[in-house]
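Here's the structure we're looking at; comments come further down.
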Amino acid sequence: MTKADNMLSILWMLRSGKRMTAKQLAEELEIHVRTVYRCIDSLCASGVPIVADSGPNGGYRILSRFADSPLVFDPEEQKGLIHASVFAREAGYPHSEALERAMDKLRRYANEKQLDELERHSGGLSVIYPPIDGKHRALLQVLEEATGQGRTLEMEYDRGRGEGSSKRRFDPYGIVYWKGSWYTVGHCAYRGELRSFRVDRIVRLGETEARFERPEGFSAKDFLLGNLLPGSQGAAELETVRISAQEQVLNELCRHWLFGHALTERRPEEAVFLLERSTLLTYVPYFLMPYGTALSIGSELLVRKMAEAGAKVTAHYEAMLAKLEQEKGD
């Protein structure tokens, strides 16, 4: 038997509740007593609470709270674990290799019928996320480890404004996956305040000897959303925007994070949003452009900005087309 098989067999025998010596375990499994010791050490390292009692009636035993807990997942639990692993892996989960090992163990100890069902459920679910490269996955691993250990990092960060990268000490309170991107949230010594950073803009991370304590009850998710959602920056100037369209089109629009959180009224072919005026002047017109003529917008400001944006796009491509035709003629 493999080491994994021996470990599982020892685990099942100790779960019976009785004490067993290393010699008894070795005789039962027909293995060397030193192999038993190695398996016991590996089980303890994995978190199994095995204790050794000395004396005439001594031996190894498992603490009752662990022995009473189930080691076998029912079919619904197995399906849930398989599907969760698909989501995590495709989202760029930083410990995907460990996750795959866990799923391999689940498959290894399944019978033929269970294995067939697991494979069918695994192949029946697909997730489409932007791919994450090895560098960013490694950065996520460092951030997650530092978060759990309370270790301060030295971070080099590119703010994405063509200004080059800046160095700072950073206490990572958590990592958040949101809208296809990974973020880290924590205390930035450079600014002296809580900040959020996109992981794909981190140039380098280095460990330090400094430690930190995460504030009790702190939520990295709540902090990130609080900085991104409308009205989070104080008394922002808001404007009511009424949009009419086919119900399917509005359903898609309302699933967007900005419009979904700003929705104040909804009817089958009409939706009313309360949006920050600043967003109407910047990226909202460009976000709505792909909808073409499918929308009827009841905001003069937004319609005017969309007309201006459309004119800029048209002028850009007309100039490009003229250049291409000129090059073709030459």
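Every chain in the structure tokens has a letter given in the order shown (A, B, ...), and although residue numbers restart at 1 in each chain, ligands are simply numbered from 1 in the order shown.
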Write out as an MDAnalysis selection string all residues of segment 132-275 of chain A that backbone DSSP assigns to helix (DSSP H, G or I). chainID A and resid 134:149 199:201 220:228 247:254 257:262
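Taking only C-alpha atoms, the non-local environment of Ala210 of chain A within 9 Å (same-chain residues fewer than 5 positions away omitted) comprises Gly150, Arg151, Thr152 and Leu153 of chain A.
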Enumerate, as a PDB file with N, CA, C and O atoms, in the first residue's frame, the complete set of residues in segment 181-258 of chain A that a backbone-based DSSP assignment places in strand (DSSP E).
```pdb
ATOM      1  N   SER A 181     -11.022  40.702 -11.237  1.00  0.00           N
ATOM      2  CA  SER A 181      -9.701  41.171 -10.809  1.00  0.00           C
ATOM      3  C   SER A 181      -9.502  40.892  -9.323  1.00  0.00           C
ATOM      4  O   SER A 181     -10.469  40.844  -8.562  1.00  0.00           O
ATOM      5  N   TRP A 182      -8.238  40.721  -8.930  1.00  0.00           N
ATOM      6  CA  TRP A 182      -7.883  40.524  -7.529  1.00  0.00           C
ATOM      7  C   TRP A 182      -7.397  41.842  -6.943  1.00  0.00           C
ATOM      8  O   TRP A 182      -6.652  42.590  -7.593  1.00  0.00           O
ATOM      9  N   TYR A 183      -7.813  42.119  -5.708  1.00  0.00           N
ATOM     10  CA  TYR A 183      -7.396  43.316  -4.978  1.00  0.00           C
ATOM     11  C   TYR A 183      -6.851  42.890  -3.618  1.00  0.00           C
ATOM     12  O   TYR A 183      -7.229  41.845  -3.076  1.00  0.00           O
ATOM     13  N   THR A 184      -5.979  43.722  -3.073  1.00  0.00           N
ATOM     14  CA  THR A 184      -5.559  43.549  -1.689  1.00  0.00           C
ATOM     15  C   THR A 184      -5.868  44.830  -0.926  1.00  0.00           C
ATOM     16  O   THR A 184      -5.733  45.932  -1.473  1.00  0.00           O
ATOM     17  N   VAL A 185      -6.309  44.670   0.306  1.00  0.00           N
ATOM     18  CA  VAL A 185      -6.714  45.807   1.131  1.00  0.00           C
ATOM     19  C   VAL A 185      -5.917  45.780   2.425  1.00  0.00           C
ATOM     20  O   VAL A 185      -5.728  44.715   3.022  1.00  0.00           O
ATOM     21  N   GLY A 186      -5.442  46.933   2.858  1.00  0.00           N
ATOM     22  CA  GLY A 186      -4.708  46.994   4.112  1.00  0.00           C
ATOM     23  C   GLY A 186      -4.195  48.391   4.397  1.00  0.00           C
ATOM     24  O   GLY A 186      -4.606  49.376   3.761  1.00  0.00           O
ATOM     25  N   HIS A 187      -3.278  48.472   5.359  1.00  0.00           N
ATOM     26  CA  HIS A 187      -2.735  49.775   5.758  1.00  0.00           C
ATOM     27  C   HIS A 187      -1.476  50.079   4.964  1.00  0.00           C
ATOM     28  O   HIS A 187      -0.521  49.298   4.947  1.00  0.00           O
ATOM     29  N   CYS A 188      -1.478  51.238   4.307  1.00  0.00           N
ATOM     30  CA  CYS A 188      -0.345  51.684   3.511  1.00  0.00           C
ATOM     31  C   CYS A 188       0.448  52.712   4.313  1.00  0.00           C
ATOM     32  O   CYS A 188      -0.070  53.782   4.665  1.00  0.00           O
ATOM     33  N   GLU A 193      -2.735  55.396   5.709  1.00  0.00           N
ATOM     34  CA  GLU A 193      -4.175  55.142   5.766  1.00  0.00           C
ATOM     35  C   GLU A 193      -4.501  53.808   5.104  1.00  0.00           C
ATOM     36  O   GLU A 193      -3.642  53.176   4.475  1.00  0.00           O
ATOM     37  N   LEU A 194      -5.766  53.396   5.257  1.00  0.00           N
ATOM     38  CA  LEU A 194      -6.219  52.180   4.605  1.00  0.00           C
ATOM     39  C   LEU A 194      -6.333  52.425   3.106  1.00  0.00           C
ATOM     40  O   LEU A 194      -6.864  53.451   2.674  1.00  0.00           O
ATOM     41  N   ARG A 195      -5.838  51.464   2.313  1.00  0.00           N
ATOM     42  CA  ARG A 195      -5.886  51.591   0.863  1.00  0.00           C
ATOM     43  C   ARG A 195      -6.197  50.233   0.248  1.00  0.00           C
ATOM     44  O   ARG A 195      -5.997  49.189   0.869  1.00  0.00           O
ATOM     45  N   SER A 196      -6.657  50.259  -0.994  1.00  0.00           N
ATOM     46  CA  SER A 196      -6.838  49.039  -1.771  1.00  0.00           C
ATOM     47  C   SER A 196      -5.955  49.130  -3.009  1.00  0.00           C
ATOM     48  O   SER A 196      -5.771  50.214  -3.575  1.00  0.00           O
ATOM     49  N   PHE A 197      -5.397  47.980  -3.420  1.00  0.00           N
ATOM     50  CA  PHE A 197      -4.488  47.947  -4.558  1.00  0.00           C
ATOM     51  C   PHE A 197      -4.853  46.776  -5.466  1.00  0.00           C
ATOM     52  O   PHE A 197      -5.195  45.702  -4.985  1.00  0.00           O
ATOM     53  N   ARG A 198      -4.764  47.004  -6.771  1.00  0.00           N
ATOM     54  CA  ARG A 198      -4.974  45.920  -7.721  1.00  0.00           C
ATOM     55  C   ARG A 198      -3.713  45.071  -7.796  1.00  0.00           C
ATOM     56  O   ARG A 198      -2.617  45.579  -7.972  1.00  0.00           O
ATOM     57  N   ILE A 202       0.874  45.301  -9.043  1.00  0.00           N
ATOM     58  CA  ILE A 202       1.992  45.147  -8.111  1.00  0.00           C
ATOM     59  C   ILE A 202       3.209  44.657  -8.887  1.00  0.00           C
ATOM     60  O   ILE A 202       3.144  43.646  -9.593  1.00  0.00           O
ATOM     61  N   VAL A 203       4.304  45.375  -8.777  1.00  0.00           N
ATOM     62  CA  VAL A 203       5.533  45.020  -9.484  1.00  0.00           C
ATOM     63  C   VAL A 203       6.333  43.989  -8.703  1.00  0.00           C
ATOM     64  O   VAL A 203       6.849  43.020  -9.265  1.00  0.00           O
ATOM     65  N   ARG A 204       6.399  44.184  -7.390  1.00  0.00           N
ATOM     66  CA  ARG A 204       7.214  43.287  -6.559  1.00  0.00           C
ATOM     67  C   ARG A 204       6.730  43.319  -5.128  1.00  0.00           C
ATOM     68  O   ARG A 204       6.235  44.333  -4.656  1.00  0.00           O
ATOM     69  N   LEU A 205       6.881  42.192  -4.434  1.00  0.00           N
ATOM     70  CA  LEU A 205       6.579  42.093  -3.010  1.00  0.00           C
ATOM     71  C   LEU A 205       7.773  41.473  -2.299  1.00  0.00           C
ATOM     72  O   LEU A 205       8.375  40.521  -2.799  1.00  0.00           O
ATOM     73  N   GLY A 206       8.105  42.021  -1.138  1.00  0.00           N
ATOM     74  CA  GLY A 206       9.186  41.470  -0.341  1.00  0.00           C
ATOM     75  C   GLY A 206       8.774  41.378   1.120  1.00  0.00           C
ATOM     76  O   GLY A 206       8.086  42.263   1.633  1.00  0.00           O
ATOM     77  N   GLU A 207       9.182  40.292   1.786  1.00  0.00           N
ATOM     78  CA  GLU A 207       8.831  40.116   3.190  1.00  0.00           C
ATOM     79  C   GLU A 207       9.720  40.977   4.081  1.00  0.00           C
ATOM     80  O   GLU A 207      10.862  41.274   3.740  1.00  0.00           O
ATOM     81  N   THR A 208       9.196  41.382   5.224  1.00  0.00           N
ATOM     82  CA  THR A 208       9.959  42.101   6.237  1.00  0.00           C
ATOM     83  C   THR A 208       9.814  41.360   7.561  1.00  0.00           C
ATOM     84  O   THR A 208       9.042  40.406   7.670  1.00  0.00           O
ATOM     85  N   GLU A 209      10.529  41.803   8.562  1.00  0.00           N
ATOM     86  CA  GLU A 209      10.423  41.194   9.887  1.00  0.00           C
ATOM     87  C   GLU A 209       9.323  41.834  10.724  1.00  0.00           C
ATOM     88  O   GLU A 209       9.020  41.359  11.818  1.00  0.00           O
ATOM     89  N   ALA A 210       8.748  42.912  10.233  1.00  0.00           N
ATOM     90  CA  ALA A 210       7.717  43.639  10.988  1.00  0.00           C
ATOM     91  C   ALA A 210       6.405  42.852  11.016  1.00  0.00           C
ATOM     92  O   ALA A 210       6.092  42.104  10.088  1.00  0.00           O
ATOM     93  N   ARG A 211       5.653  43.038  12.077  1.00  0.00           N
ATOM     94  CA  ARG A 211       4.365  42.381  12.251  1.00  0.00           C
ATOM     95  C   ARG A 211       3.262  43.411  12.457  1.00  0.00           C
ATOM     96  O   ARG A 211       3.515  44.556  12.837  1.00  0.00           O
ATOM     97  N   LEU A 238     -25.743  63.722  -7.242  1.00  0.00           N
ATOM     98  CA  LEU A 238     -26.425  62.610  -7.901  1.00  0.00           C
ATOM     99  C   LEU A 238     -27.438  63.113  -8.921  1.00  0.00           C
ATOM    100  O   LEU A 238     -27.979  64.208  -8.796  1.00  0.00           O
ATOM    101  N   GLU A 239     -27.690  62.280  -9.924  1.00  0.00           N
ATOM    102  CA  GLU A 239     -28.680  62.620 -10.948  1.00  0.00           C
ATOM    103  C   GLU A 239     -29.524  61.402 -11.251  1.00  0.00           C
ATOM    104  O   GLU A 239     -29.013  60.279 -11.346  1.00  0.00           O
ATOM    105  N   THR A 240     -30.817  61.632 -11.423  1.00  0.00           N
ATOM    106  CA  THR A 240     -31.743  60.565 -11.771  1.00  0.00           C
ATOM    107  C   THR A 240     -31.680  60.303 -13.270  1.00  0.00           C
ATOM    108  O   THR A 240     -31.788  61.229 -14.080  1.00  0.00           O
ATOM    109  N   VAL A 241     -31.483  59.040 -13.631  1.00  0.00           N
ATOM    110  CA  VAL A 241     -31.403  58.646 -15.037  1.00  0.00           C
ATOM    111  C   VAL A 241     -32.464  57.587 -15.298  1.00  0.00           C
ATOM    112  O   VAL A 241     -32.441  56.516 -14.682  1.00  0.00           O
ATOM    113  N   ARG A 242     -33.379  57.886 -16.215  1.00  0.00           N
ATOM    114  CA  ARG A 242     -34.444  56.944 -16.580  1.00  0.00           C
ATOM    115  C   ARG A 242     -34.087  56.316 -17.930  1.00  0.00           C
ATOM    116  O   ARG A 242     -33.844  57.038 -18.909  1.00  0.00           O
ATOM    117  N   ILE A 243     -34.036  54.990 -17.967  1.00  0.00           N
ATOM    118  CA  ILE A 243     -33.667  54.281 -19.195  1.00  0.00           C
ATOM    119  C   ILE A 243     -34.777  53.305 -19.567  1.00  0.00           C
ATOM    120  O   ILE A 243     -35.212  52.507 -18.730  1.00  0.00           O
ATOM    121  N   SER A 244     -35.215  53.394 -20.831  1.00  0.00           N
ATOM    122  CA  SER A 244     -36.226  52.476 -21.354  1.00  0.00           C
ATOM    123  C   SER A 244     -35.586  51.561 -22.388  1.00  0.00           C
ATOM    124  O   SER A 244     -34.749  52.006 -23.188  1.00  0.00           O
TER     125      SER A 244
END
```
For atom CA of Phe259 of chain A and atom CA of Met289 of chain A, quote the distance in Å rounded to one decimal. 14.7 Å
Report, in Å to a single decimal, how far apart atom CA of Trp257 of chain A and atom CA of Ser219 of chain A are.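 Those two atoms sit 19.0 Å apart.
Nearest residue to Pro130 of chain A among A:Asp200, A:Glu30, A:Arg214, A:Gly59 is A:Asp200, counting only C-alpha atoms.
Residues lying within 12 Å of Ala271 of chain A, counting only C-alpha atoms and ignoring same-chain neighbours fewer than 3 positions away, are Thr240, Val241, Arg242, Ile243, Ser244, Ala245, Gln246, Glu247, Gln248, Val249, Leu250, Asn251, Glu252, Leu253, Cys254, Phe259, Gly260, Ala262, Leu263, Thr264, Glu265, Arg266, Arg267, Pro268, Leu274, Leu295, Ser296, Ile297 and Gly298 of chain A.
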Those residues with C-alpha atoms, as a PDB file, in the first residue's frame please?
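Contents of the output file selection-v8.pdb:
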```
ATOM      1  CA  THR A 240     -31.743  60.565 -11.771  1.00  0.00           C
ATOM      2  CA  VAL A 241     -31.403  58.646 -15.037  1.00  0.00           C
ATOM      3  CA  ARG A 242     -34.444  56.944 -16.580  1.00  0.00           C
ATOM      4  CA  ILE A 243     -33.667  54.281 -19.195  1.00  0.00           C
ATOM      5  CA  SER A 244     -36.226  52.476 -21.354  1.00  0.00           C
ATOM      6  CA  ALA A 245     -35.431  49.306 -23.303  1.00  0.00           C
ATOM      7  CA  GLN A 246     -36.549  45.731 -23.835  1.00  0.00           C
ATOM      8  CA  GLU A 247     -36.705  43.800 -20.576  1.00  0.00           C
ATOM      9  CA  GLN A 248     -33.817  41.494 -21.525  1.00  0.00           C
ATOM     10  CA  VAL A 249     -31.579  44.481 -22.273  1.00  0.00           C
ATOM     11  CA  LEU A 250     -32.451  46.121 -18.946  1.00  0.00           C
ATOM     12  CA  ASN A 251     -31.809  42.877 -17.086  1.00  0.00           C
ATOM     13  CA  GLU A 252     -28.282  42.800 -18.505  1.00  0.00           C
ATOM     14  CA  LEU A 253     -27.723  46.473 -17.671  1.00  0.00           C
ATOM     15  CA  CYS A 254     -28.913  46.004 -14.088  1.00  0.00           C
ATOM     16  CA  PHE A 259     -26.154  50.272 -12.333  1.00  0.00           C
ATOM     17  CA  GLY A 260     -27.321  47.422 -10.119  1.00  0.00           C
ATOM     18  CA  ALA A 262     -27.851  52.558  -8.235  1.00  0.00           C
ATOM     19  CA  LEU A 263     -31.232  51.085  -9.214  1.00  0.00           C
ATOM     20  CA  THR A 264     -34.129  52.866  -7.493  1.00  0.00           C
ATOM     21  CA  GLU A 265     -37.136  51.792  -9.569  1.00  0.00           C
ATOM     22  CA  ARG A 266     -37.764  48.979 -12.022  1.00  0.00           C
ATOM     23  CA  ARG A 267     -40.630  48.126 -14.377  1.00  0.00           C
ATOM     24  CA  PRO A 268     -40.671  45.540 -17.198  1.00  0.00           C
ATOM     25  CA  LEU A 274     -29.535  57.381  -9.168  1.00  0.00           C
ATOM     26  CA  LEU A 295     -31.710  52.362 -25.156  1.00  0.00           C
ATOM     27  CA  SER A 296     -33.930  55.382 -24.706  1.00  0.00           C
ATOM     28  CA  ILE A 297     -32.341  57.637 -22.063  1.00  0.00           C
ATOM     29  CA  GLY A 298     -34.288  60.288 -20.118  1.00  0.00           C
TER      30      GLY A 298
END
```
Within 8 Å of Ser165 of chain A, counting only C-alpha atoms, which residues qualify if same-chain residues fewer than 3 places away don't, as an mmCIF file with C-alpha atoms, in the first residue's frame?
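Listed below is the output, selection11.cif:
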```
data_model
loop_
_atom_site.group_PDB
_atom_site.id
_atom_site.type_symbol
_atom_site.label_atom_id
_atom_site.label_comp_id
_atom_site.auth_asym_id
_atom_site.auth_seq_id
_atom_site.Cartn_x
_atom_site.Cartn_y
_atom_site.Cartn_z
ATOM 1 C CA GLU A 156 6.496 48.180 -5.291
ATOM 2 C CA TYR A 157 3.336 49.390 -7.025
ATOM 3 C CA ASP A 158 2.596 50.808 -10.466
ATOM 4 C CA ARG A 159 -0.267 53.297 -10.210
ATOM 5 C CA VAL A 203 5.533 45.020 -9.484
#
```
I'd like the interatomic distance between atom CA of Phe273 of chain A and atom CA of Glu308 of chain A, to a tenth of an Å.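 Atom CA of Glu308 of chain A lies 21.5 Å from atom CA of Phe273 of chain A.
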Surrounding residues of Gly92 of chain A excluding itself and chain neighbours under 3 positions, 12 Å, only C-alpha atoms, as a short mmCIF file (atom, residue, chain, number, x, y, z; two decimals) with C-alpha atoms, in the first residue's frame:
```cif
data_model
loop_
_atom_site.label_atom_id
_atom_site.label_comp_id
_atom_site.auth_asym_id
_atom_site.auth_seq_id
_atom_site.Cartn_x
_atom_site.Cartn_y
_atom_site.Cartn_z
CA SER A 85 -12.78 23.97 -6.93
CA VAL A 86 -13.70 24.81 -10.54
CA PHE A 87 -14.71 28.35 -9.57
CA ALA A 88 -11.61 28.87 -7.44
CA ARG A 89 -9.19 27.50 -10.01
CA HIS A 95 -3.33 27.80 -3.80
CA SER A 96 -4.70 25.93 -6.82
CA GLU A 97 -2.08 23.18 -6.56
CA LEU A 99 -6.76 22.44 -4.11
CA VAL A 127 -16.45 29.18 -15.68
CA ILE A 128 -15.04 31.93 -17.90
CA TYR A 129 -12.70 34.37 -16.19
CA PRO A 130 -9.81 36.46 -17.50
CA PRO A 131 -6.68 34.27 -17.29
CA ILE A 132 -4.21 35.00 -14.50
CA ASP A 133 -0.51 34.45 -15.13
CA GLY A 134 2.00 32.73 -12.88
CA LYS A 135 3.52 35.98 -11.61
CA HIS A 136 0.24 37.30 -10.27
CA ARG A 137 -0.66 33.93 -8.78
CA ALA A 138 2.67 34.01 -6.91
CA LEU A 139 1.93 37.53 -5.67
CA LEU A 140 -1.46 36.36 -4.41
CA GLN A 141 0.22 33.53 -2.49
CA VAL A 176 -10.66 40.22 -2.54
CA TYR A 177 -11.74 38.85 -5.92
CA TRP A 178 -14.13 41.25 -7.62
CA GLY A 180 -12.57 39.54 -12.74
CA SER A 181 -9.70 41.17 -10.81
CA TRP A 182 -7.88 40.52 -7.53
CA VAL A 199 -2.75 42.87 -7.65
CA ASP A 200 -2.05 43.04 -11.41
#
```
